[in-house]
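One file, protein_10.txt, is given below (compact mmCIF, C-alpha atoms).
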```
# COMPACT_ATOMS: atom_id res chain seq x y z
CA MET U 1 -34.46 53.33 -13.06
CA LYS U 2 -32.08 52.35 -15.88
CA LYS U 3 -29.14 52.67 -13.53
CA GLY U 4 -30.73 50.12 -11.12
CA LEU U 5 -31.28 47.62 -13.95
CA LYS U 6 -27.63 47.86 -15.03
CA ALA U 7 -26.43 47.26 -11.47
CA GLY U 8 -28.75 44.25 -11.14
CA ALA U 9 -27.58 42.82 -14.46
CA ARG U 10 -23.94 43.24 -13.39
CA LYS U 11 -24.64 41.42 -10.12
CA LYS U 12 -26.32 38.59 -12.02
CA ARG U 13 -23.40 38.37 -14.45
CA ARG U 14 -20.92 38.27 -11.56
CA MET U 15 -22.96 35.56 -9.83
CA TYR U 16 -23.07 33.42 -13.01
CA LEU U 17 -19.33 33.90 -13.51
CA LEU U 18 -18.65 32.89 -9.89
CA LEU U 19 -20.91 29.81 -10.08
CA THR U 20 -19.42 28.75 -13.42
CA SER U 21 -15.89 29.16 -12.04
CA LEU U 22 -16.74 27.05 -8.98
CA ALA U 23 -18.29 24.35 -11.17
CA VAL U 24 -15.20 24.23 -13.42
CA LEU U 25 -12.90 24.10 -10.37
CA GLY U 26 -14.97 21.29 -8.82
CA LEU U 27 -14.87 19.32 -12.07
CA ALA U 28 -11.09 19.76 -12.31
CA VAL U 29 -10.60 18.51 -8.73
CA LEU U 30 -12.86 15.53 -9.42
CA LEU U 31 -10.90 14.61 -12.56
CA VAL U 32 -7.53 14.88 -10.79
CA LEU U 33 -8.71 12.73 -7.84
CA ASN U 34 -10.15 10.15 -10.23
CA ALA U 35 -6.87 10.00 -12.19
CA LEU U 36 -4.83 9.60 -8.97
CA GLU U 37 -7.14 7.05 -7.35
CA ASP U 38 -4.84 4.09 -8.05
CA SER U 39 -1.76 6.07 -6.97
CA ILE U 40 -3.31 6.90 -3.61
CA ARG U 41 -3.71 3.22 -2.67
CA LEU U 42 -1.40 2.09 0.11
CA PHE U 43 -0.97 -1.40 -1.34
CA TYR U 44 -2.56 -4.05 -3.55
CA ASP U 45 -3.19 -7.59 -2.37
CA PRO U 46 -2.48 -10.54 -4.72
CA THR U 47 -6.11 -10.85 -5.84
CA GLU U 48 -6.26 -7.17 -6.81
CA ILE U 49 -3.01 -7.56 -8.76
CA ALA U 50 -4.52 -10.44 -10.75
CA GLU U 51 -7.76 -8.50 -11.34
CA LYS U 52 -6.10 -5.24 -12.39
CA GLY U 53 -3.45 -6.84 -14.59
CA ILE U 54 -0.68 -4.54 -13.36
CA LYS U 55 2.00 -4.09 -16.01
CA PRO U 56 5.61 -5.19 -15.49
CA GLY U 57 7.83 -2.35 -14.26
CA GLN U 58 5.00 -0.38 -12.63
CA ASN U 59 5.95 0.43 -9.02
CA PHE U 60 3.43 -0.30 -6.28
CA ARG U 61 3.12 -1.87 -2.84
CA LEU U 62 2.12 -5.50 -2.34
CA GLY U 63 0.47 -6.53 0.92
CA GLY U 64 -0.63 -9.82 2.42
CA LEU U 65 0.59 -12.73 4.50
CA VAL U 66 3.89 -14.52 4.00
CA ALA U 67 2.82 -18.05 3.05
CA ASP U 68 3.91 -20.79 5.47
CA GLY U 69 6.79 -22.86 4.14
CA SER U 70 7.52 -20.45 1.29
CA PHE U 71 10.52 -18.56 2.67
CA GLU U 72 13.98 -19.43 1.38
CA THR U 73 17.22 -17.51 1.36
CA HIS U 74 20.62 -17.97 -0.23
CA GLU U 75 23.74 -15.94 -0.88
CA THR U 76 24.96 -15.18 -4.39
CA ASP U 77 28.16 -13.18 -4.92
CA SER U 78 27.96 -11.83 -1.35
CA ILE U 79 24.36 -10.71 -1.93
CA LEU U 80 21.62 -12.16 0.26
CA VAL U 81 18.67 -13.20 -1.94
CA ASN U 82 15.33 -13.84 -0.21
CA LYS U 83 12.40 -15.55 -1.88
CA PHE U 84 8.92 -15.92 -0.40
CA ILE U 85 5.28 -15.99 -1.39
CA VAL U 86 2.70 -13.38 -0.36
CA SER U 87 -0.89 -14.60 -0.20
CA ASP U 88 -4.30 -13.18 0.59
CA GLY U 89 -5.93 -16.61 0.74
CA ASN U 90 -7.19 -16.51 -2.85
CA GLU U 91 -4.14 -15.61 -4.93
CA THR U 92 -0.38 -15.70 -4.38
CA VAL U 93 2.55 -13.65 -5.66
CA ALA U 94 6.17 -14.80 -5.59
CA VAL U 95 8.54 -12.15 -4.20
CA ILE U 96 12.30 -11.76 -4.54
CA TYR U 97 14.16 -9.33 -2.30
CA GLU U 98 17.91 -8.74 -2.21
CA GLY U 99 19.23 -7.64 1.16
CA LEU U 100 18.50 -8.06 4.83
CA LEU U 101 14.89 -8.54 5.84
CA PRO U 102 13.49 -6.81 8.95
CA ASP U 103 14.18 -8.72 12.19
CA LEU U 104 10.46 -9.31 12.70
CA PHE U 105 9.87 -10.86 9.25
CA ARG U 106 8.22 -14.29 9.67
CA GLU U 107 6.12 -16.78 7.74
CA GLY U 108 2.40 -16.47 8.45
CA GLN U 109 2.73 -12.78 9.33
CA GLY U 110 1.63 -9.63 7.53
CA VAL U 111 4.05 -7.91 5.18
CA VAL U 112 4.02 -4.95 2.81
CA ALA U 113 6.66 -4.92 0.08
CA GLU U 114 7.42 -2.09 -2.33
CA GLY U 115 8.67 -2.78 -5.85
CA ALA U 116 7.46 -3.90 -9.28
CA MET U 117 6.45 -7.03 -11.17
CA ASN U 118 8.92 -8.43 -13.69
CA GLY U 119 7.96 -9.99 -17.02
CA SER U 120 7.66 -13.46 -15.41
CA GLY U 121 5.03 -12.37 -12.88
CA VAL U 122 7.47 -12.25 -9.96
CA PHE U 123 7.41 -9.22 -7.67
CA ILE U 124 10.91 -7.72 -7.33
CA ALA U 125 10.88 -5.91 -3.99
CA THR U 126 13.04 -2.88 -3.28
CA GLU U 127 11.80 -2.59 0.32
CA VAL U 128 10.07 -4.96 2.74
CA LEU U 129 8.13 -3.78 5.79
CA ALA U 130 7.20 -6.30 8.48
CA LYS U 131 4.98 -6.09 11.53
CA HIS U 132 6.16 -4.02 14.50
CA ASP U 133 5.42 -6.47 17.28
CA GLU U 134 3.57 -9.72 17.72
CA ASN U 135 0.16 -7.99 17.89
CA TYR U 136 0.58 -5.64 14.95
CA MET U 137 -0.46 -6.05 11.35
CA PRO U 138 -1.20 -3.11 9.01
CA LYS U 139 -4.91 -2.23 9.17
CA GLU U 140 -5.14 -2.33 5.38
CA VAL U 141 -3.82 -5.92 5.31
CA ILE U 142 -6.37 -6.95 7.97
CA ASP U 143 -9.20 -5.24 6.05
CA SER U 144 -8.17 -6.94 2.82
CA LEU U 145 -8.00 -10.37 4.49
CA LYS U 146 -11.39 -9.83 6.16
CA LYS U 147 -12.91 -8.84 2.80
CA ARG U 148 -11.66 -12.12 1.30
CA GLY U 149 -12.79 -14.19 4.33
CA GLN U 150 -9.24 -15.17 5.29
CA TRP U 151 -8.89 -13.31 8.62
CA GLN U 152 -9.21 -15.15 11.91
CA GLU U 153 -9.44 -13.15 15.12
CA ASP U 154 -7.00 -14.19 17.85
CA ASP U 155 -8.67 -15.75 20.86
CA PRO U 156 -8.10 -13.27 23.73
CA SER U 157 -8.26 -16.00 26.41
```
Just dump the structure as structure tokens.
Amino acid sequence: MKKGLKAGARKKRRMYLLLTSLAVLGLAVLLVLNALEDSIRLFYDPTEIAEKGIKPGQNFRLGGLVADGSFETHETDSILVNKFIVSDGNETVAVIYEGLLPDLFREGQGVVAEGAMNGSGVFIATEVLAKHDENYMPKEVIDSLKKRGQWQEDDPS
């Protein structure tokens, strides 16, 4: 009978050890995912940038619509400098990008730019992604605009 009690106690101990290990592993995964939550985001719209107070120099993606009438370009020392404003309807962010923009870049269209804010609150883009064709806009940009009440569906007729 003593031998059966020892075997049962060992099984219980193993079960507690297994359950404790699983709980610790689950907690570790939860903490890592929580810490990486902001890094997993595909982009921030201008309102989220204002709300989060993103620090200058921190790399991220900015998404929204290129504001009508905001695009200007000029050449300095053989470098093409593009300036435009990205808006989500509530907030705006000025963007500067050196280099050629995608052929499909247009005012009033969706754009996602990668880069960082400078100390003056201007987004310095290292890459600019534009829509693929006249019917495409990144789903995340559409969702963000819908959330802010700025999205208008195209009339299919």
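One distance worth recording is that between CA of Val128 in chain U and CA of Ala50 in chain U, which is 20.6 Å.
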Nearby residues (all atoms listed in the file) at most 7 Å from range 86-88 of chain U, same-chain spacing under 2 positions excluded, as a PyMOL selection string: chain U and resi 45-46+64-67+84+90-94+145
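Using only C-alpha atoms, the contacts of Glu72 in chain U at a cut-off of 9 Å, with sequence neighbours closer than 4 positions omitted, comprise Val81, Asn82, Lys83 and Phe84 of chain U.
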Hey, can you check how far CA of Val122 in chain U sits from CA of Val95 in chain U?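 Here the two named atoms are 5.9 Å from each other.
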CA of Phe123 in chain U and CA of Leu42 in chain U are how many Å apart?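 CA of Phe123 in chain U sits 16.3 Å away from CA of Leu42 in chain U.
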Of the candidates U:Val112, U:Ile124, U:Ile54, U:Ile96, which shows the shortest atom-to-atom distance to Ser70 in chain U, using only C-alpha atoms?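 Residue with the minimum atom-to-atom distance to Ser70 in chain U: U:Ile96.
Considering only C-alpha atoms, the residue among U:Gly89, U:Glu51, U:Ile79, U:Gly8 positioned nearest to Lys146 in chain U is U:Gly89.
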Please identify all polymer residues lying at most 9 Å from the point (5.6, -13.3, 9.2) (file coordinates), using all atoms listed in the file, and present the result as a compact mmCIF listing (two decimals) with C-alpha atoms, in the frame of the given file.
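Dumped to out.txt:
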```txt
# COMPACT_ATOMS: atom_id res chain seq x y z
CA LEU U 65 0.59 -12.73 4.50
CA VAL U 66 3.89 -14.52 4.00
CA ALA U 67 2.82 -18.05 3.05
CA ASP U 68 3.91 -20.79 5.47
CA LEU U 104 10.46 -9.31 12.70
CA PHE U 105 9.87 -10.86 9.25
CA ARG U 106 8.22 -14.29 9.67
CA GLU U 107 6.12 -16.78 7.74
CA GLY U 108 2.40 -16.47 8.45
CA GLN U 109 2.73 -12.78 9.33
CA GLY U 110 1.63 -9.63 7.53
CA VAL U 111 4.05 -7.91 5.18
CA ALA U 130 7.20 -6.30 8.48
CA LYS U 131 4.98 -6.09 11.53
```
Counting all atoms listed in the file, which residue out of U:Gly115, U:Ala7, U:Asp77, U:Gly63 sits closest to Tyr44 in chain U?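 Answer, going by the shortest atom-to-atom distance: U:Gly63.
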Could you name the residues that touch Asn59 in chain U at 8 Å or less, counting all atoms listed in the file, but leaving out those on the same chain fewer than 6 positions away, as a list in words? Glu114, Gly115, Ala116 and Met117 of chain U
N, CA and C atoms are what I want for range 79-101 of chain U; can you complete it accordingly and write them as a PDB file, in the frame of the given file?
```
ATOM      1  N   ILE U  79      25.663 -11.379  -2.002  1.00  0.00           N
ATOM      2  CA  ILE U  79      24.360 -10.710  -1.930  1.00  0.00           C
ATOM      3  C   ILE U  79      23.348 -11.699  -1.389  1.00  0.00           C
ATOM      4  N   LEU U  80      22.641 -11.313  -0.343  1.00  0.00           N
ATOM      5  CA  LEU U  80      21.620 -12.160   0.260  1.00  0.00           C
ATOM      6  C   LEU U  80      20.341 -12.057  -0.568  1.00  0.00           C
ATOM      7  N   VAL U  81      19.880 -13.175  -1.119  1.00  0.00           N
ATOM      8  CA  VAL U  81      18.670 -13.200  -1.940  1.00  0.00           C
ATOM      9  C   VAL U  81      17.581 -13.953  -1.169  1.00  0.00           C
ATOM     10  N   ASN U  82      16.468 -13.275  -0.939  1.00  0.00           N
ATOM     11  CA  ASN U  82      15.330 -13.840  -0.210  1.00  0.00           C
ATOM     12  C   ASN U  82      14.182 -14.067  -1.167  1.00  0.00           C
ATOM     13  N   LYS U  83      13.566 -15.241  -1.069  1.00  0.00           N
ATOM     14  CA  LYS U  83      12.400 -15.550  -1.880  1.00  0.00           C
ATOM     15  C   LYS U  83      11.287 -16.006  -0.940  1.00  0.00           C
ATOM     16  N   PHE U  84      10.078 -15.509  -1.187  1.00  0.00           N
ATOM     17  CA  PHE U  84       8.920 -15.920  -0.400  1.00  0.00           C
ATOM     18  C   PHE U  84       7.666 -15.654  -1.197  1.00  0.00           C
ATOM     19  N   ILE U  85       6.563 -16.165  -0.707  1.00  0.00           N
ATOM     20  CA  ILE U  85       5.280 -15.990  -1.390  1.00  0.00           C
ATOM     21  C   ILE U  85       4.361 -15.184  -0.480  1.00  0.00           C
ATOM     22  N   VAL U  86       3.702 -14.185  -1.074  1.00  0.00           N
ATOM     23  CA  VAL U  86       2.700 -13.380  -0.360  1.00  0.00           C
ATOM     24  C   VAL U  86       1.329 -13.843  -0.838  1.00  0.00           C
ATOM     25  N   SER U  87       0.439 -14.087   0.118  1.00  0.00           N
ATOM     26  CA  SER U  87      -0.890 -14.600  -0.200  1.00  0.00           C
ATOM     27  C   SER U  87      -1.958 -13.789   0.514  1.00  0.00           C
ATOM     28  N   ASP U  88      -3.142 -13.763  -0.087  1.00  0.00           N
ATOM     29  CA  ASP U  88      -4.300 -13.180   0.590  1.00  0.00           C
ATOM     30  C   ASP U  88      -5.361 -14.256   0.815  1.00  0.00           C
ATOM     31  N   GLY U  89      -4.996 -15.513   0.577  1.00  0.00           N
ATOM     32  CA  GLY U  89      -5.930 -16.610   0.740  1.00  0.00           C
ATOM     33  C   GLY U  89      -6.544 -17.067  -0.566  1.00  0.00           C
ATOM     34  N   ASN U  90      -6.637 -16.161  -1.539  1.00  0.00           N
ATOM     35  CA  ASN U  90      -7.190 -16.510  -2.850  1.00  0.00           C
ATOM     36  C   ASN U  90      -6.088 -16.637  -3.892  1.00  0.00           C
ATOM     37  N   GLU U  91      -5.219 -15.669  -3.944  1.00  0.00           N
ATOM     38  CA  GLU U  91      -4.140 -15.610  -4.930  1.00  0.00           C
ATOM     39  C   GLU U  91      -2.805 -15.524  -4.209  1.00  0.00           C
ATOM     40  N   THR U  92      -1.728 -15.819  -4.938  1.00  0.00           N
ATOM     41  CA  THR U  92      -0.380 -15.700  -4.380  1.00  0.00           C
ATOM     42  C   THR U  92       0.504 -14.963  -5.372  1.00  0.00           C
ATOM     43  N   VAL U  93       1.545 -14.326  -4.842  1.00  0.00           N
ATOM     44  CA  VAL U  93       2.550 -13.650  -5.660  1.00  0.00           C
ATOM     45  C   VAL U  93       3.919 -14.015  -5.105  1.00  0.00           C
ATOM     46  N   ALA U  94       4.795 -14.501  -5.983  1.00  0.00           N
ATOM     47  CA  ALA U  94       6.170 -14.800  -5.590  1.00  0.00           C
ATOM     48  C   ALA U  94       6.935 -13.484  -5.479  1.00  0.00           C
ATOM     49  N   VAL U  95       7.780 -13.378  -4.454  1.00  0.00           N
ATOM     50  CA  VAL U  95       8.540 -12.150  -4.200  1.00  0.00           C
ATOM     51  C   VAL U  95      10.020 -12.500  -4.092  1.00  0.00           C
ATOM     52  N   ILE U  96      10.850 -11.647  -4.694  1.00  0.00           N
ATOM     53  CA  ILE U  96      12.300 -11.760  -4.540  1.00  0.00           C
ATOM     54  C   ILE U  96      12.789 -10.430  -3.975  1.00  0.00           C
ATOM     55  N   TYR U  97      13.601 -10.522  -2.937  1.00  0.00           N
ATOM     56  CA  TYR U  97      14.160  -9.330  -2.300  1.00  0.00           C
ATOM     57  C   TYR U  97      15.634  -9.562  -2.011  1.00  0.00           C
ATOM     58  N   GLU U  98      16.481  -8.656  -2.473  1.00  0.00           N
ATOM     59  CA  GLU U  98      17.910  -8.740  -2.210  1.00  0.00           C
ATOM     60  C   GLU U  98      18.257  -7.833  -1.047  1.00  0.00           C
ATOM     61  N   GLY U  99      18.850  -8.415  -0.010  1.00  0.00           N
ATOM     62  CA  GLY U  99      19.230  -7.640   1.160  1.00  0.00           C
ATOM     63  C   GLY U  99      18.708  -8.271   2.429  1.00  0.00           C
ATOM     64  N   LEU U 100      18.946  -7.571   3.528  1.00  0.00           N
ATOM     65  CA  LEU U 100      18.500  -8.060   4.830  1.00  0.00           C
ATOM     66  C   LEU U 100      17.027  -7.747   5.044  1.00  0.00           C
ATOM     67  N   LEU U 101      16.293  -8.732   5.508  1.00  0.00           N
ATOM     68  CA  LEU U 101      14.890  -8.540   5.840  1.00  0.00           C
ATOM     69  C   LEU U 101      14.785  -7.976   7.257  1.00  0.00           C
TER      70      LEU U 101
END
```
